Structure formats: C-alpha cells, structure tokens
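Dumped protein.cif below, it's mmCIF, C-alpha atoms:
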```cif
data_data
loop_
_atom_site.label_atom_id
_atom_site.label_comp_id
_atom_site.auth_asym_id
_atom_site.auth_seq_id
_atom_site.Cartn_x
_atom_site.Cartn_y
_atom_site.Cartn_z
CA MET N 1 0.00 0.00 0.00
CA SER N 2 1.18 3.52 -0.73
CA PRO N 3 1.34 5.93 2.22
CA PRO N 4 -1.82 7.95 2.95
CA THR N 5 -1.98 11.52 1.69
CA ALA N 6 -5.24 12.86 3.19
CA THR N 7 -5.14 14.87 6.41
CA GLY N 8 -7.49 14.04 9.26
CA PRO N 9 -9.50 17.28 9.27
CA ALA N 10 -9.91 17.26 5.47
CA TRP N 11 -11.02 13.61 5.37
CA ALA N 12 -13.44 14.12 8.23
CA GLN N 13 -14.90 17.29 6.71
CA LYS N 14 -15.70 15.76 3.32
CA LEU N 15 -17.52 12.89 5.04
CA ARG N 16 -19.35 15.25 7.40
CA ASP N 17 -20.45 17.42 4.48
CA GLU N 18 -21.80 14.44 2.53
CA ILE N 19 -23.57 12.89 5.54
CA GLY N 20 -24.98 16.32 6.41
CA ARG N 21 -26.93 16.32 3.15
CA SER N 22 -29.27 13.71 4.66
CA VAL N 23 -28.70 13.97 8.44
CA ILE N 24 -28.93 17.35 10.15
CA GLY N 25 -26.92 17.85 13.34
CA GLN N 26 -25.44 15.04 15.46
CA GLN N 27 -21.91 16.29 14.69
CA GLU N 28 -20.35 14.73 17.78
CA ILE N 29 -21.92 11.35 16.99
CA VAL N 30 -20.62 11.55 13.41
CA GLU N 31 -17.12 12.30 14.69
CA ARG N 32 -17.25 9.30 17.03
CA LEU N 33 -18.34 7.05 14.16
CA LEU N 34 -15.35 8.23 12.13
CA VAL N 35 -13.07 7.56 15.11
CA ALA N 36 -14.48 4.02 15.33
CA LEU N 37 -13.81 3.45 11.62
CA LEU N 38 -10.20 4.55 12.00
CA ALA N 39 -9.74 2.53 15.21
CA ASN N 40 -11.27 -0.60 13.65
CA GLY N 41 -14.01 -0.78 16.28
CA HIS N 42 -17.72 -1.50 16.41
CA VAL N 43 -20.32 0.95 17.74
CA LEU N 44 -23.53 0.56 19.74
CA LEU N 45 -25.97 3.45 19.22
CA GLU N 46 -28.66 3.87 21.86
CA GLY N 47 -31.47 6.38 21.59
CA MET N 48 -35.20 6.95 21.38
CA PRO N 49 -37.06 6.04 18.19
CA GLY N 50 -37.07 8.64 15.42
CA LEU N 51 -33.61 10.11 16.05
CA ALA N 52 -32.24 9.02 12.65
CA LYS N 53 -29.87 6.36 13.99
CA THR N 54 -30.51 4.05 11.04
CA LEU N 55 -30.35 6.90 8.52
CA LEU N 56 -27.06 8.08 10.01
CA VAL N 57 -25.36 4.69 9.64
CA ARG N 58 -26.78 4.18 6.15
CA SER N 59 -25.56 7.64 5.09
CA LEU N 60 -22.12 6.89 6.52
CA GLY N 61 -21.90 3.69 4.49
CA THR N 62 -22.86 5.51 1.30
CA ALA N 63 -20.45 8.40 1.87
CA LEU N 64 -17.64 5.99 2.70
CA GLY N 65 -18.28 4.05 -0.50
CA VAL N 66 -18.38 0.59 1.10
CA GLN N 67 -20.80 -2.32 0.85
CA PHE N 68 -23.64 -1.73 3.30
CA GLU N 69 -26.12 -4.27 4.66
CA ARG N 70 -28.90 -3.92 7.19
CA ILE N 71 -30.44 -6.61 9.39
CA GLN N 72 -33.67 -5.86 11.23
CA PHE N 73 -33.37 -7.97 14.37
CA THR N 74 -36.54 -9.73 15.56
CA PRO N 75 -37.22 -12.48 18.13
CA ASP N 76 -37.76 -15.08 15.38
CA LEU N 77 -34.43 -14.38 13.64
CA LEU N 78 -32.11 -17.39 13.14
CA PRO N 79 -28.29 -17.44 13.07
CA SER N 80 -28.44 -18.54 9.41
CA ASP N 81 -30.36 -15.34 8.62
CA VAL N 82 -27.23 -13.42 9.67
CA VAL N 83 -24.21 -15.50 8.69
CA GLY N 84 -25.68 -17.67 5.93
CA THR N 85 -26.22 -21.40 5.48
CA MET N 86 -25.36 -24.41 3.34
CA ILE N 87 -27.49 -24.82 0.19
CA TYR N 88 -28.02 -28.22 -1.42
CA SER N 89 -27.72 -28.38 -5.21
CA PRO N 90 -29.74 -31.27 -6.75
CA ALA N 91 -27.74 -30.97 -9.98
CA THR N 92 -24.38 -31.66 -8.33
CA GLY N 93 -25.53 -33.38 -5.16
CA ALA N 94 -23.24 -31.08 -3.15
CA PHE N 95 -23.75 -28.45 -0.48
CA THR N 96 -22.37 -24.97 -1.13
CA PRO N 97 -22.18 -22.06 1.33
CA HIS N 98 -24.62 -19.19 0.87
CA HIS N 99 -23.30 -16.02 2.46
CA GLY N 100 -25.63 -14.00 4.66
CA PRO N 101 -25.82 -10.21 5.03
CA VAL N 102 -22.93 -10.22 7.53
CA PHE N 103 -20.60 -10.42 4.50
CA ALA N 104 -20.44 -6.65 4.07
CA ASN N 105 -18.07 -3.86 4.97
CA LEU N 106 -20.59 -2.04 7.15
CA LEU N 107 -23.32 -4.03 8.85
CA LEU N 108 -26.21 -2.24 10.53
CA ALA N 109 -27.69 -4.45 13.26
CA ASP N 110 -30.98 -2.63 13.83
CA GLU N 111 -32.49 -3.13 17.31
CA ILE N 112 -29.87 -5.73 18.14
CA ASN N 113 -31.37 -6.47 21.56
CA ARG N 114 -34.46 -8.00 19.92
CA ALA N 115 -32.48 -11.03 18.73
CA PRO N 116 -32.29 -14.20 20.86
CA ALA N 117 -29.03 -15.49 22.33
CA LYS N 118 -28.20 -17.83 19.42
CA VAL N 119 -28.24 -14.97 16.94
CA GLN N 120 -26.23 -12.73 19.24
CA SER N 121 -23.58 -15.44 19.66
CA ALA N 122 -23.37 -15.89 15.88
CA LEU N 123 -22.71 -12.18 15.51
CA LEU N 124 -20.15 -12.33 18.32
CA GLU N 125 -17.70 -14.39 16.24
CA ALA N 126 -18.02 -11.95 13.35
CA MET N 127 -17.36 -8.95 15.60
CA GLN N 128 -14.34 -10.38 17.35
CA GLU N 129 -12.68 -12.64 14.78
CA ARG N 130 -13.82 -10.95 11.56
CA GLN N 131 -14.88 -14.37 10.33
CA VAL N 132 -17.90 -16.69 10.47
CA THR N 133 -18.35 -20.44 10.44
CA ILE N 134 -20.78 -22.01 7.97
CA GLY N 135 -21.11 -25.78 7.71
CA GLY N 136 -17.95 -26.31 9.75
CA GLN N 137 -15.85 -24.12 7.45
CA THR N 138 -14.44 -20.72 8.36
CA HIS N 139 -15.07 -17.82 5.98
CA PRO N 140 -13.21 -14.50 6.40
CA LEU N 141 -15.25 -11.32 6.25
CA PRO N 142 -14.45 -8.41 3.91
CA LYS N 143 -11.97 -5.74 4.93
CA PRO N 144 -12.79 -3.33 6.42
CA PHE N 145 -15.63 -4.80 8.51
CA PHE N 146 -17.71 -2.93 11.08
CA VAL N 147 -20.86 -3.62 13.05
CA MET N 148 -22.93 -0.60 14.01
CA ALA N 149 -25.87 -1.65 16.14
CA THR N 150 -28.87 0.28 17.44
CA GLN N 151 -31.09 -0.32 20.43
CA ASN N 152 -34.03 1.37 22.10
CA PRO N 153 -33.35 2.17 25.79
CA ILE N 154 -36.98 2.25 26.95
CA GLU N 155 -38.58 -0.81 25.35
CA GLN N 156 -38.22 -4.03 27.34
CA GLU N 157 -40.97 -6.26 25.92
CA GLY N 158 -39.63 -8.75 23.40
CA THR N 159 -36.00 -7.81 24.00
CA TYR N 160 -32.94 -9.80 25.06
CA PRO N 161 -30.30 -7.79 26.96
CA LEU N 162 -26.87 -8.09 25.37
CA PRO N 163 -24.43 -10.18 27.44
CA GLU N 164 -21.41 -8.39 28.88
CA ALA N 165 -19.14 -10.45 26.61
CA GLN N 166 -20.79 -8.86 23.58
CA THR N 167 -21.13 -5.28 24.81
CA ASP N 168 -17.43 -5.35 25.72
CA ARG N 169 -16.63 -5.88 22.04
CA PHE N 170 -18.18 -2.56 21.05
CA LEU N 171 -15.55 0.17 20.98
CA PHE N 172 -18.13 2.82 21.85
CA LYS N 173 -21.60 2.98 23.26
CA LEU N 174 -22.99 6.29 21.98
CA ILE N 175 -26.09 7.97 23.38
CA VAL N 176 -28.05 9.66 20.60
CA ASP N 177 -29.96 12.59 22.09
CA TYR N 178 -32.75 14.78 20.77
CA PRO N 179 -31.64 17.37 18.19
CA ALA N 180 -31.05 21.00 19.06
CA LEU N 181 -33.81 23.51 18.29
CA ALA N 182 -31.94 24.95 15.30
CA ASP N 183 -31.37 21.48 13.84
CA GLU N 184 -34.99 20.46 14.31
CA THR N 185 -36.10 23.71 12.69
CA ALA N 186 -33.88 22.94 9.70
CA MET N 187 -35.48 19.50 9.47
CA LEU N 188 -38.93 21.06 9.21
CA GLN N 189 -37.77 23.44 6.50
CA ARG N 190 -36.08 20.68 4.52
CA TRP N 191 -39.13 18.42 4.81
CA GLY N 192 -41.23 21.12 3.23
CA GLN N 193 -38.86 21.58 0.28
CA VAL N 194 -38.13 18.01 -0.82
CA SER N 195 -40.26 14.89 -0.96
CA SER N 196 -37.38 12.48 -0.36
CA GLN N 197 -33.88 12.34 1.05
CA PRO N 198 -31.20 13.70 -1.32
CA GLY N 199 -29.03 11.14 -3.06
CA LEU N 200 -25.59 10.77 -1.53
CA LYS N 201 -22.36 9.87 -3.31
CA ALA N 202 -19.20 8.13 -2.20
CA VAL N 203 -16.46 10.57 -1.19
CA SER N 204 -14.06 7.96 0.22
CA SER N 205 -13.48 4.21 0.00
CA GLY N 206 -12.64 1.19 2.08
CA GLU N 207 -9.17 1.13 0.53
CA GLU N 208 -8.55 4.73 1.58
CA LEU N 209 -9.74 3.95 5.10
CA LEU N 210 -7.28 1.08 5.41
CA LEU N 211 -4.50 3.40 4.25
CA LEU N 212 -5.45 6.14 6.70
CA ARG N 213 -4.98 3.76 9.60
CA GLN N 214 -1.26 3.91 8.86
CA ALA N 215 -1.32 7.61 9.69
CA VAL N 216 -3.34 6.98 12.86
CA ASP N 217 -0.73 4.47 14.02
CA GLN N 218 1.91 7.21 13.82
CA VAL N 219 0.16 9.41 16.41
CA HIS N 220 2.28 9.59 19.56
CA VAL N 221 0.99 8.51 22.96
CA ALA N 222 3.42 9.54 25.70
CA PRO N 223 4.17 7.11 28.55
CA ALA N 224 2.50 9.53 30.97
CA VAL N 225 -0.73 9.40 28.93
CA GLN N 226 -0.54 5.63 28.73
CA SER N 227 -0.28 5.53 32.53
CA TYR N 228 -3.22 7.94 32.77
CA ILE N 229 -5.35 5.64 30.60
CA LEU N 230 -4.52 2.68 32.82
CA SER N 231 -5.26 4.71 35.95
CA LEU N 232 -8.73 5.63 34.69
CA VAL N 233 -9.60 2.05 33.76
CA ARG N 234 -8.20 0.55 36.95
CA ALA N 235 -10.08 3.15 39.01
CA THR N 236 -13.35 1.64 37.77
CA ARG N 237 -12.24 -1.73 39.10
CA ALA N 238 -11.43 -0.20 42.48
CA ARG N 239 -15.02 1.01 42.71
CA ALA N 240 -16.17 -2.60 42.52
CA THR N 241 -14.44 -3.17 45.87
CA PRO N 242 -15.53 -1.25 49.00
CA ALA N 243 -12.84 1.11 50.26
CA GLY N 244 -11.40 0.17 53.63
CA GLY N 245 -13.15 -3.17 53.80
CA ALA N 246 -16.90 -2.51 53.99
CA THR N 247 -16.99 1.14 55.00
CA ARG N 248 -18.38 2.28 51.67
CA ALA N 249 -21.09 0.67 49.56
CA ARG N 250 -19.56 -0.30 46.28
CA GLN N 251 -20.81 1.51 43.20
CA LEU N 252 -19.97 -1.22 40.69
CA THR N 253 -20.26 -4.98 40.52
CA PHE N 254 -17.38 -5.08 38.04
CA GLY N 255 -15.01 -2.59 36.44
CA ALA N 256 -13.79 -2.13 32.88
CA SER N 257 -11.76 -4.86 31.18
CA PRO N 258 -8.35 -4.46 29.49
CA ARG N 259 -10.28 -3.92 26.24
CA ALA N 260 -11.23 -0.52 27.68
CA SER N 261 -7.55 0.44 28.00
CA LEU N 262 -6.86 -0.63 24.42
CA ALA N 263 -9.98 1.19 23.21
CA LEU N 264 -9.00 4.46 24.90
CA TYR N 265 -5.48 4.16 23.52
CA GLN N 266 -6.42 3.57 19.88
CA ALA N 267 -9.52 5.79 19.87
CA GLY N 268 -7.42 8.60 21.33
CA ARG N 269 -4.96 8.30 18.45
CA ALA N 270 -7.77 8.28 15.90
CA LEU N 271 -9.45 11.36 17.43
CA ALA N 272 -6.15 13.21 17.59
CA TRP N 273 -5.47 12.47 13.91
CA LEU N 274 -8.97 13.58 12.91
CA ARG N 275 -8.33 16.92 14.61
CA GLY N 276 -4.93 17.41 13.02
CA LEU N 277 -2.83 16.56 16.09
CA ASP N 278 0.22 14.33 16.20
CA PHE N 279 -0.08 13.34 19.87
CA VAL N 280 -2.76 12.28 22.36
CA GLY N 281 -3.31 14.54 25.35
CA PRO N 282 -5.23 13.83 28.58
CA GLY N 283 -8.10 16.02 27.37
CA LEU N 284 -8.83 13.69 24.45
CA VAL N 285 -8.76 10.68 26.79
CA GLN N 286 -11.22 12.39 29.14
CA GLU N 287 -13.47 13.25 26.22
CA LEU N 288 -13.60 9.66 25.02
CA ALA N 289 -13.81 7.99 28.43
CA PRO N 290 -17.64 8.03 28.81
CA ASP N 291 -18.20 6.49 25.37
CA VAL N 292 -15.59 3.79 26.02
CA LEU N 293 -16.47 2.97 29.64
CA ARG N 294 -20.25 3.37 30.09
CA HIS N 295 -21.05 -0.10 28.71
CA ARG N 296 -18.07 -1.82 30.30
CA ILE N 297 -18.96 -1.26 33.95
CA GLY N 298 -21.75 -2.88 35.93
CA LEU N 299 -23.74 -0.75 38.36
CA SER N 300 -24.35 -2.30 41.76
CA TYR N 301 -27.81 -2.61 43.28
CA GLU N 302 -26.93 0.14 45.75
CA ALA N 303 -25.93 2.52 42.96
CA GLU N 304 -29.10 1.85 40.98
CA ALA N 305 -31.19 2.40 44.13
CA GLU N 306 -29.53 5.81 44.53
CA GLU N 307 -30.15 6.54 40.82
CA ILE N 308 -26.43 6.71 40.08
CA THR N 309 -25.77 6.27 36.36
CA ALA N 310 -22.75 4.80 34.61
CA ASP N 311 -21.91 8.23 33.20
CA LYS N 312 -21.90 9.71 36.70
CA VAL N 313 -19.48 7.04 37.90
CA VAL N 314 -17.20 7.71 34.93
CA ALA N 315 -17.34 11.45 35.62
CA GLU N 316 -16.31 10.84 39.24
CA VAL N 317 -13.45 8.62 38.11
CA ILE N 318 -12.20 11.35 35.75
CA ALA N 319 -12.52 14.01 38.46
CA THR N 320 -10.58 12.02 41.06
CA THR N 321 -7.79 10.58 38.87
CA PRO N 322 -4.66 12.78 38.80
CA VAL N 323 -3.90 14.24 35.37
CA PRO N 324 -0.27 14.00 34.16
CA ALA N 325 1.51 17.33 33.96
CA HIS N 326 3.72 16.45 30.98
CA ALA N 327 1.83 14.55 28.30
CA ARG N 328 3.86 15.03 25.12
#
```

Output the file's structure in the form of structure tokens.
Amino acid sequence: MSPPTATGPAWAQKLRDEIGRSVIGQQEIVERLLVALLANGHVLLEGMPGLAKTLLVRSLGTALGVQFERIQFTPDLLPSDVVGTMIYSPATGAFTPHHGPVFANLLLADEINRAPAKVQSALLEAMQERQVTIGGQTHPLPKPFFVMATQNPIEQEGTYPLPEAQTDRFLFKLIVDYPALADETAMLQRWGQVSSQPGLKAVSSGEELLLLRQAVDQVHVAPAVQSYILSLVRATRARATPAGGATRARQLTFGASPRASLALYQAGRALAWLRGLDFVGPGLVQELAPDVLRHRIGLSYEAEAEEITADKVVAEVIATTPVPAHAR
C-alpha cells in the first residue's frame, strides 16, 4: 500500500459534508463514528425512536463508498439469517455455502437487543474474529468490517439484553440525544422543500480507510498518557471493591476490562489524527472515556437504588484521577 496523503480534518470534513446532506446535526456522533472506523471498532448506538440512527449509519456507508447491509433484528431471527447457510444443489448433489448479510463492509444491526441469544452469539464471532463459520468451514469477512448496532433504551418487551461479553466488544456505546432547536427547525424546512432524502455519493473508500490507519498508528501517545489511561480504567475496578473493607457501599459490581484500556489508547490516536494533532493529550482521553467505559462497567444494586448512572461514575473517576503534567 502507498502511504496515505489525506489529512485528518480534510477527510473528516468531506464525510461530514456528505452525511450532512441527509442527516442534520449530530456532529459529535458523526465524529465518534469516524473515530471508530479509524480505530477498527464496532459501535452501539442507543437512543429513542425517530432520532435518525438508522439513517445516520446508512448515510455513513454511502459516503464511505463501502458495501452496506442492514439486518432488522426480531425475536424469530435465526443465526443462518445473519451469517448464511449451506445450500443443497440437486444438480451436483453437493452443499455450497450461501453467504448471509454479515458479508459486508458495514453491517447495521438494527435493534440488536431484539435477537435471541443464538443470533447474538453468531454475531459475536463476526465482531471479534472478523470471520464466520458455515457448515464447519471458516469464511473470512471483507476488509474493512464494522458492526454498528442500534437499540431502544426504553422498550423491554420482546428484547434480550446483550451479554457483557458482547457489549465489551463494542468500541463505543454512543447515546443519541434529541436534536437542538436549530437542527430540528432545519429539518422542518427541509421536509417542506423536498419529498425524499437527497441522493448521496461516495467521497471515500474502504481502501482509503485502510491506508489512513497507517497515519493513525503514527500518532504519539506519551508514557504519561498511557499511565493515565490505565489509571482511569483501573479506578473503575477499584469502585467494585468497597474502600477500607466494607466502610463504603460499592458503586460497581465489576469494572472495565483491558479492552477498555486498548480502546481508549487507539480511539485517542484516531481522534487526535482527525483533529490534526500528532499526539494524544489527557483532554482527548477524558473526552472519550464516557463512550468507552459506560457499557463496560456494571452498576451495583446500591448505585441503581440511589439513581447513580454509569456516566456519573465515569465522571467521578475522571474528576478524582490525577492528570499527568507532561503529556507530550
């Protein structure tokens, strides 16, 4: 591969501009999705219905110029509906593999928590190993490969909570909030002017994305920042153990895994590169920490009874962890 030539801000801006033709607002969410692409990580999007989560991911796939597939998860979905199955040919008397929709560059798993455990476990291999098994044979998935999943935080009927082993494999859990007043006003005005969403075009490619990761890998992370990342992650584990024996009710049942440290490290490099920086500072780590940690910690019964949220715990961890003075 030849070395990448695009700069982070320029690459991000052309994708933002193209996505903005169909999705108004949500700039921070778009930036996090681009970070996940550069860091080779999957994303879990959580938000109320009607916040354009599906449209956002579909627009990203189109603007990136990669193969996009969508799976609408339902309780009656089977693993073969995701990964594929073996098809018998009467003419040859042989079975041949039929690839499912998971064989794409960007897979949208819509309402992922509506799928039963067998389907979730089938997707787990694809997310972690970038391969699937059909008929006892292993089939590699295309490169690049990403899963971007959505779920509704308020609906519980007919849903299957994701196991911790699967949520841990998402680089980010992003909370999609209601749009700002100006953005919602622009939506009304656009709705009155056009009868359909504008057609988007590809402004990048999967090949370019793979090249850009070379530039991301060159972003410097000082030893002091590496230690800071580890301190933040390990502080979540300390909150799963009462301080001084049993003098304080523990906030968490478990802290973040080593995947959280790796996620903060690589996502920090990707965010720095997107913003035109050649090093990762503590501020970028703090900015990414909620998205990386909120789905990797388990709230205790006591914390839930006191209405303490995962984001509040992460904020306390950031506030009480010493920041390195020299981070370059």

Quiz prompt | Distance of CA of Phe73 in chain N from CA of Gln166 in chain N, expressed in Å to one decimal place | solution = 15.6 Å

Self-check item: Straight-line distance linking CA of Arg58 in chain N with CA of Gln266 in chain N, stated in Å to one decimal
Solution: 24.6 Å

Quiz item: Any idea what the distance is between CA of Arg16 in chain N and CA of Leu37 in chain N?
Solution: 13.7 Å

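Taking only C-alpha atoms into account, Tyr228 in chain N lies nearest to N:Val323 out of the set N:Leu188, N:Leu210, N:Val323, N:Leu77.
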
Practice problem: Just give me the residues with any atom within 12 Å of (-26.9, -11.8, 18.8), file coordinates, counting all atoms listed in the file, written as a PyMOL selection string. | Solution: chain N and resi 71-83+109-127+147+149+159-167

Quiz item: Quick one: which residues end up in the PyMOL selection byres ((chain N and resi 174-179) around 7) for this structure, as a list in words?
Solution: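 Checked against the file, the PyMOL selection byres ((chain N and resi 174-179) around 7) matches Gly25, Leu44, Leu45, Glu46, Gly47, Leu51, Phe172, Lys173, Ala180, Leu181, Asp183, Glu184 and Asp291 of chain N.
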
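Closest approach to Thr138 in chain N among N:Gly61, N:Gly84, N:Ala6, N:Ala186: N:Gly84, based on only C-alpha atoms.
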
Practice problem: Please provide the set of residues having any atom within 8 Å of range 11-14 of chain N, restricted to only C-alpha atoms, with same-chain residues fewer than 6 positions apart removed, written as a ChimeraX atom specification. | Solution: /N:31,34,203,274

Near Ser59 in chain N, within 12 Å and counting only C-alpha atoms, which residues show up once chain neighbours fewer than 6 positions away are dropped, as a PDB file with C-alpha atoms, in the coordinates of the input?
```
ATOM      1  CA  LEU N  15     -17.520  12.890   5.040  1.00  0.00           C
ATOM      2  CA  ARG N  16     -19.350  15.250   7.400  1.00  0.00           C
ATOM      3  CA  ASP N  17     -20.450  17.420   4.480  1.00  0.00           C
ATOM      4  CA  GLU N  18     -21.800  14.440   2.530  1.00  0.00           C
ATOM      5  CA  ILE N  19     -23.570  12.890   5.540  1.00  0.00           C
ATOM      6  CA  GLY N  20     -24.980  16.320   6.410  1.00  0.00           C
ATOM      7  CA  ARG N  21     -26.930  16.320   3.150  1.00  0.00           C
ATOM      8  CA  SER N  22     -29.270  13.710   4.660  1.00  0.00           C
ATOM      9  CA  VAL N  23     -28.700  13.970   8.440  1.00  0.00           C
ATOM     10  CA  ILE N  24     -28.930  17.350  10.150  1.00  0.00           C
ATOM     11  CA  VAL N  30     -20.620  11.550  13.410  1.00  0.00           C
ATOM     12  CA  LEU N  33     -18.340   7.050  14.160  1.00  0.00           C
ATOM     13  CA  ALA N  52     -32.240   9.020  12.650  1.00  0.00           C
ATOM     14  CA  LYS N  53     -29.870   6.360  13.990  1.00  0.00           C
ATOM     15  CA  GLY N  65     -18.280   4.050  -0.500  1.00  0.00           C
ATOM     16  CA  VAL N  66     -18.380   0.590   1.100  1.00  0.00           C
ATOM     17  CA  GLN N  67     -20.800  -2.320   0.850  1.00  0.00           C
ATOM     18  CA  PHE N  68     -23.640  -1.730   3.300  1.00  0.00           C
ATOM     19  CA  GLU N  69     -26.120  -4.270   4.660  1.00  0.00           C
ATOM     20  CA  LEU N 106     -20.590  -2.040   7.150  1.00  0.00           C
ATOM     21  CA  LEU N 108     -26.210  -2.240  10.530  1.00  0.00           C
ATOM     22  CA  GLN N 197     -33.880  12.340   1.050  1.00  0.00           C
ATOM     23  CA  PRO N 198     -31.200  13.700  -1.320  1.00  0.00           C
ATOM     24  CA  GLY N 199     -29.030  11.140  -3.060  1.00  0.00           C
ATOM     25  CA  LEU N 200     -25.590  10.770  -1.530  1.00  0.00           C
ATOM     26  CA  LYS N 201     -22.360   9.870  -3.310  1.00  0.00           C
ATOM     27  CA  ALA N 202     -19.200   8.130  -2.200  1.00  0.00           C
ATOM     28  CA  VAL N 203     -16.460  10.570  -1.190  1.00  0.00           C
TER      29      VAL N 203
END
```

Quiz prompt | Which residue of N:Val225, N:Ala260, N:Val280, N:Ala10 approaches Gly41 in chain N most closely, using all atoms listed in the file | solution =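 The answer is N:Ala260, which sits nearest to Gly41 in chain N.
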
Self-check item: For range 301-311 of chain N: contacts at 10 Å, only C-alpha atoms, fewer than 4 positions along chain excluded, given as a ChimeraX atom specification
Solution: /N:249-253,289-291,293-297,315-317

Keeping C-alpha atoms for every residue in the selection just given, could you write it to a file as an mmCIF file, keeping the file's coordinate frame?
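Saved as selection_5.cif:
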```
data_model
loop_
_atom_site.group_PDB
_atom_site.id
_atom_site.type_symbol
_atom_site.label_atom_id
_atom_site.label_comp_id
_atom_site.auth_asym_id
_atom_site.auth_seq_id
_atom_site.Cartn_x
_atom_site.Cartn_y
_atom_site.Cartn_z
ATOM 1 C CA ALA N 249 -21.090 0.670 49.560
ATOM 2 C CA ARG N 250 -19.560 -0.300 46.280
ATOM 3 C CA GLN N 251 -20.810 1.510 43.200
ATOM 4 C CA LEU N 252 -19.970 -1.220 40.690
ATOM 5 C CA THR N 253 -20.260 -4.980 40.520
ATOM 6 C CA ALA N 289 -13.810 7.990 28.430
ATOM 7 C CA PRO N 290 -17.640 8.030 28.810
ATOM 8 C CA ASP N 291 -18.200 6.490 25.370
ATOM 9 C CA LEU N 293 -16.470 2.970 29.640
ATOM 10 C CA ARG N 294 -20.250 3.370 30.090
ATOM 11 C CA HIS N 295 -21.050 -0.100 28.710
ATOM 12 C CA ARG N 296 -18.070 -1.820 30.300
ATOM 13 C CA ILE N 297 -18.960 -1.260 33.950
ATOM 14 C CA ALA N 315 -17.340 11.450 35.620
ATOM 15 C CA GLU N 316 -16.310 10.840 39.240
ATOM 16 C CA VAL N 317 -13.450 8.620 38.110
#
```

Practice problem: Mind checking which residues fall within 7 Å of Leu38 in chain N, counting only C-alpha atoms, ignoring those fewer than 5 positions away in the same chain, and posting them as number ranges by chain? | Solution: N: 209, 213, 270
